[in-house]
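Asks: The structure file run.txt (compact mmCIF, C-alpha atoms and all ligand atoms) is provided below.
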# COMPACT_ATOMS: atom_id res chain seq x y z
CA MET A 1 81.85 36.84 130.31
CA ILE A 2 79.36 35.69 127.68
CA ILE A 3 80.86 35.67 124.19
CA THR A 4 78.61 36.74 121.36
CA LYS A 5 78.99 37.18 117.62
CA LYS A 6 77.06 39.42 115.26
CA LYS A 7 74.34 37.87 113.15
CA ASP A 8 74.49 38.49 109.42
CA PRO A 9 72.76 41.86 108.79
CA ALA A 10 70.71 40.21 106.00
CA ASP A 11 69.29 37.76 108.57
CA ILE A 12 68.51 40.59 111.00
CA LEU A 13 66.72 42.55 108.27
CA LYS A 14 64.73 39.43 107.35
CA SER A 15 63.69 38.91 110.97
CA ILE A 16 62.51 42.54 111.21
CA GLU A 17 60.69 42.32 107.90
CA ARG A 18 58.74 39.28 109.18
CA THR A 19 57.34 41.39 112.06
CA GLY A 20 56.07 44.14 109.73
CA ALA A 21 57.75 46.72 112.03
CA LYS A 22 58.87 50.06 110.60
CA LYS A 23 60.17 51.78 113.76
CA ILE A 24 62.90 50.01 115.69
CA HIS A 25 64.53 50.68 119.06
CA LEU A 26 67.98 49.21 119.74
CA PHE A 27 69.38 47.87 123.00
CA GLY A 28 73.09 47.24 123.49
CA CYS A 29 74.99 45.84 126.47
CA ASN A 30 77.82 47.80 128.03
CA THR A 31 79.39 44.76 129.68
CA CYS A 32 80.03 41.52 127.77
CA ALA A 33 78.81 42.56 124.31
CA GLU A 34 80.71 45.84 124.55
CA GLN A 35 83.94 43.91 125.20
CA CYS A 36 83.18 41.46 122.39
CA LYS A 37 82.69 44.45 120.07
CA THR A 38 79.22 43.18 119.27
CA GLY A 39 76.90 45.43 121.30
CA GLY A 40 78.60 48.66 122.39
CA THR A 41 78.31 52.21 121.06
CA PRO A 42 80.04 51.59 117.67
CA GLU A 43 77.87 48.53 116.98
CA LEU A 44 74.67 50.39 117.93
CA LYS A 45 75.67 53.15 115.49
CA GLU A 46 76.61 50.65 112.77
CA THR A 47 73.32 48.73 113.15
CA SER A 48 71.27 51.95 113.23
CA LYS A 49 72.93 53.00 109.96
CA ILE A 50 72.06 49.67 108.33
CA LEU A 51 68.43 49.95 109.47
CA VAL A 52 68.07 53.54 108.26
CA ALA A 53 69.69 52.64 104.91
CA ASN A 54 67.02 49.96 104.53
CA GLY A 55 64.13 52.32 105.15
CA TYR A 56 63.55 51.82 108.87
CA THR A 57 63.21 54.53 111.51
CA VAL A 58 65.39 54.10 114.59
CA THR A 59 63.46 55.56 117.55
CA GLY A 60 66.56 55.48 119.75
CA THR A 61 69.25 53.34 121.35
CA SER A 62 69.71 52.14 124.93
CA LEU A 63 73.17 51.09 126.06
CA ILE A 64 72.46 49.27 129.31
CA ASP A 65 75.22 48.41 131.80
CA GLU A 66 73.93 44.85 132.12
CA THR A 67 71.14 44.02 129.70
CA CYS A 68 70.51 40.76 131.56
CA TYR A 69 69.69 42.73 134.74
CA ASN A 70 65.93 43.13 134.97
CA GLN A 71 65.82 46.12 137.35
CA ILE A 72 68.17 48.16 135.13
CA VAL A 73 66.25 47.26 131.97
CA ARG A 74 62.92 48.01 133.65
CA ARG A 75 64.23 51.46 134.66
CA GLU A 76 65.30 52.14 131.05
CA PHE A 77 61.79 51.25 129.85
CA ARG A 78 60.34 53.70 132.41
CA GLN A 79 62.74 56.54 131.59
CA ASN A 80 63.28 56.29 127.83
CA THR A 81 60.07 57.28 126.03
CA ALA A 82 61.57 56.40 122.63
CA ILE A 83 61.15 52.71 123.45
CA ALA A 84 57.35 52.91 123.48
CA GLU A 85 57.39 54.55 120.02
CA ALA A 86 59.03 51.50 118.46
CA ASP A 87 57.13 48.72 116.66
CA ALA A 88 59.92 46.26 117.47
CA ILE A 89 63.12 46.08 119.52
CA LEU A 90 66.47 44.76 118.33
CA VAL A 91 68.84 43.62 121.08
CA LEU A 92 72.63 43.54 120.70
CA SER A 93 73.39 41.33 123.69
CA CYS A 94 73.46 37.68 124.70
CA GLY A 95 70.23 35.68 124.82
CA ALA A 96 69.78 36.47 128.52
CA GLY A 97 69.63 40.17 127.62
CA VAL A 98 67.12 39.49 124.84
CA LYS A 99 64.97 37.58 127.33
CA THR A 100 65.16 40.40 129.90
CA VAL A 101 64.15 43.01 127.31
CA THR A 102 61.34 40.70 126.16
CA ASP A 103 60.06 40.48 129.75
CA ASN A 104 59.74 44.29 129.83
CA ALA A 105 58.47 45.02 126.30
CA SER A 106 54.78 45.42 125.45
CA THR A 107 53.12 42.33 124.07
CA ASN A 108 52.76 44.03 120.68
CA GLN A 109 56.51 44.82 120.50
CA PRO A 110 58.45 41.88 119.07
CA VAL A 111 61.97 41.64 120.53
CA LEU A 112 64.63 40.28 118.17
CA PRO A 113 68.22 39.09 118.72
CA ALA A 114 71.00 40.76 116.72
CA LEU A 115 73.70 38.46 118.13
CA ASP A 116 74.39 34.78 118.61
CA SER A 117 75.51 33.71 122.10
CA LEU A 118 78.51 31.38 121.99
CA PHE A 119 80.08 30.53 125.34
CA LEU A 120 81.11 31.55 128.82
CA ALA A 121 84.69 32.80 128.60
CA SER A 122 87.72 33.68 130.64
CA VAL A 123 89.36 36.88 129.43
CA GLU A 124 93.06 36.77 128.65
CA ARG A 125 93.15 40.42 127.66
CA VAL A 126 90.86 42.84 125.84
CA GLY A 127 89.61 41.08 122.71
CA ARG A 128 91.09 37.66 123.56
CA PHE A 129 88.73 35.18 125.16
CA PHE A 130 88.81 31.47 125.77
CA GLN A 131 86.28 29.00 127.08
CA GLY A 132 87.29 27.79 130.51
CA CYS A 133 84.02 26.32 131.80
CA SER A 134 80.94 24.84 130.17
CA LEU A 135 78.71 25.20 133.24
CA CYS A 136 78.34 21.47 133.86
CA GLY A 137 76.93 21.99 137.36
CA ASN A 138 79.40 19.63 139.06
CA CYS A 139 82.87 21.13 139.18
CA VAL A 140 85.81 18.70 139.31
CA LEU A 141 88.67 21.21 139.05
CA GLU A 142 89.99 20.19 142.49
CA TYR A 143 90.97 16.81 140.97
CA THR A 144 92.34 18.20 137.72
CA ALA A 145 94.69 21.01 138.81
CA GLY A 146 92.25 23.68 137.66
CA ILE A 147 92.09 22.43 134.05
CA CYS A 148 88.56 21.53 132.99
CA PRO A 149 88.36 18.11 131.30
CA HIS A 150 84.73 18.76 130.43
CA THR A 151 85.64 21.89 128.45
CA ASP A 152 89.29 21.64 127.41
CA CYS A 153 88.92 18.08 126.10
CA PRO A 154 86.70 18.18 122.97
CA LYS A 155 85.34 14.76 123.97
CA SER A 156 84.71 15.90 127.57
CA LEU A 157 86.53 12.82 128.90
CA LEU A 158 86.50 12.75 132.68
CA ASN A 159 88.86 9.88 133.43
CA GLY A 160 92.01 10.24 131.39
CA PRO A 161 92.91 10.66 127.74
CA CYS A 162 91.50 8.95 124.69
CA GLY A 163 93.67 6.77 122.46
CA GLY A 164 94.15 9.57 119.95
CA VAL A 165 96.59 11.70 121.92
CA ASP A 166 99.71 12.09 119.78
CA SER A 167 103.01 13.34 121.26
CA GLY A 168 101.02 15.26 123.86
CA LYS A 169 98.75 16.87 121.27
CA CYS A 170 94.96 16.53 120.93
CA GLU A 171 93.74 14.45 118.00
CA VAL A 172 90.71 16.70 117.51
CA PHE A 173 92.57 20.02 117.61
CA PRO A 174 96.23 19.13 116.88
CA ASP A 175 97.39 22.66 117.68
CA ASN A 176 96.24 22.15 121.28
CA ASP A 177 98.01 20.19 123.96
CA CYS A 178 95.85 17.28 125.13
CA ALA A 179 93.88 18.43 128.19
CA TRP A 180 94.72 15.22 130.04
CA VAL A 181 98.44 15.57 129.34
CA ARG A 182 98.24 19.09 130.78
CA ILE A 183 96.31 17.82 133.79
CA TYR A 184 98.90 15.05 134.37
CA ASN A 185 101.84 17.44 134.08
CA LYS A 186 100.32 20.05 136.35
CA LEU A 187 99.30 17.55 139.05
CA LYS A 188 102.82 16.11 138.88
CA GLU A 189 104.37 19.59 139.27
CA GLN A 190 102.13 20.18 142.27
CA GLY A 191 103.01 16.81 143.86
CA ARG A 192 99.34 15.76 143.69
CA LEU A 193 99.56 13.08 141.02
CA GLU A 194 97.68 10.58 143.20
CA LEU A 195 94.51 12.54 142.31
CA ILE A 196 94.67 11.24 138.75
CA LYS A 197 93.69 7.80 140.11
CA GLU A 198 90.32 9.14 141.32
CA THR A 199 87.50 7.81 139.17
CA MET A 200 85.00 10.50 138.34
CA PRO A 201 81.39 9.44 137.86
CA ALA A 202 79.56 10.35 134.67
CA LYS A 203 78.13 13.86 134.76
CA ASP A 204 74.62 14.12 136.16
CA HIS A 205 72.95 16.08 133.38
CA SER A 206 69.77 16.48 135.42
CA ILE A 207 71.67 19.21 137.35
CA THR A 208 71.77 21.33 134.22
CA GLN A 209 68.14 20.88 133.30
CA HIS A 210 66.66 24.15 132.16
CA PRO A 211 65.21 26.64 132.74
CA ALA A 212 67.34 26.93 135.88
CA LYS A 213 66.60 29.29 138.75
CA VAL A 214 68.46 30.29 141.92
CA THR A 215 67.00 32.45 144.67
CA LEU A 216 69.42 33.61 147.39
CA ARG A 217 67.79 34.56 150.67
S1 LIG B 301 84.06 20.87 135.70
FE1 LIG B 301 84.48 22.30 134.05
S2 LIG B 301 82.50 22.67 133.10
FE2 LIG B 301 82.11 21.78 135.09
S3 LIG B 301 81.82 23.57 136.45
FE3 LIG B 301 84.00 22.93 136.60
S4 LIG B 301 85.05 24.22 135.08
FE4 LIG B 301 82.84 24.30 134.59
S1 LIG B 302 93.57 13.91 122.67
FE1 LIG B 302 93.22 14.56 124.79
S2 LIG B 302 92.06 16.50 124.69
FE2 LIG B 302 91.98 15.54 122.65
S3 LIG B 302 90.09 14.39 122.65
FE3 LIG B 302 91.67 12.95 123.31
S4 LIG B 302 91.70 13.12 125.55
FE4 LIG B 302 90.55 14.87 124.81
Could you render the structure as structure tokens?
Ligand code: SF4
Ligand code: SF4

Replies:
Amino acid sequence: MIITKKKDPADILKSIERTGAKKIHLFGCNTCAEQCKTGGTPELKETSKILVANGYTVTGTSLIDETCYNQIVRREFRQNTAIAEADAILVLSCGAGVKTVTDNASTNQPVLPALDSLFLASVERVGRFFQGCSLCGNCVLEYTAGICPHTDCPKSLLNGPCGGVDSGKCEVFPDNDCAWVRIYNKLKEQGRLELIKETMPAKDHSITQHPAKVTLR
């Protein structure tokens, strides 16, 4: 799941003002942003209210199942005539959703983000998310008992702890257990402690060059 947070309404209003638009259409996302409480029905209503209170006309709202999914967004553009009436489109989704809406909007329809995209999360329960992977492109979890040293260690150390670990706690975030202490303990529990002796090469950042593209045949 992609975690997003709401932009400050004052910043959103400023971004709309810069376009000169008066009529705005809103897109939400019924998957990640809905669960983050940043782009579902209540947030579309709340944002519409703010726009109307500031003198804008809201032509309509589109709550898309996956706003990053081009075919679904394209269908919404075909079926929802209110979109064409808008001077600009405000998107309450992650950046991938904003990009997908942009790809479908007319060239004279600026598309603006209402959210900031933060990270890829695992979901503990509704409303509680934590970052488990930073998409490094070269997964090493088989050596680290499923605990990501790239993500869970603030320094992304791949070959054991730094000198700052204190009584098992992380020096950067003292409330957290050191990722490498957790990795050690879990490998030990699993009887796989020999894996800790593996030396992991530095990450190849060329793998994560962007823009990335995958085409499955
Ligand atoms: S090593 Fe960590 S950041 Fe890289 S792919 Fe695996 S879980 Fe994600
Ligand atoms: S104490 Fe552990 S988790 Fe924190 S920065 Fe050092 S190695 Fe990483």

Asks: Neighbours of ligand LIG 301 (chain B) within 10 Å, counting all atoms listed in the file, as a list in words?

Replies: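 Counting only what the definition allows, namely all atoms listed in the file, the set is Leu120, Gln131, Gly132, Cys133, Ser134, Leu135, Cys136, Gly137, Asn138, Cys139, Val140, Leu141, Glu142, Tyr143, Thr144, Gly146, Ile147, Cys148, Pro149, His150, Thr151, Asp152, Ser156, Leu158 and Lys203 of chain A.
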
Asks: May I have the residues within 12 Å of Ser93 in chain A as a VMD selection string, using all atoms listed in the file and disregarding those fewer than 3 positions away in the same chain?

Replies: chain A and resid 1 to 7 26 to 40 43 to 44 62 to 69 90 96 to 101 111 to 118

Asks: What is the CA of Gly95 in chain A-CA of Pro9 in chain A distance in Å, reported with one decimal?

Replies: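 It comes out at 17.4 Å.
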
Asks: Taking only C-alpha atoms and all ligand atoms into account, which residues have an atom no farther than 12 Å from ligand LIG 302 (chain B)? I'd like them as a ChimeraX atom specification.

Replies: /A:147-184

Asks: Please, what distance in Å, to one decimal, runs between CA of Ile16 in chain A and CA of Ala88 in chain A?

Replies: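 Result for CA of Ile16 in chain A versus CA of Ala88 in chain A: 7.7 Å, one decimal.
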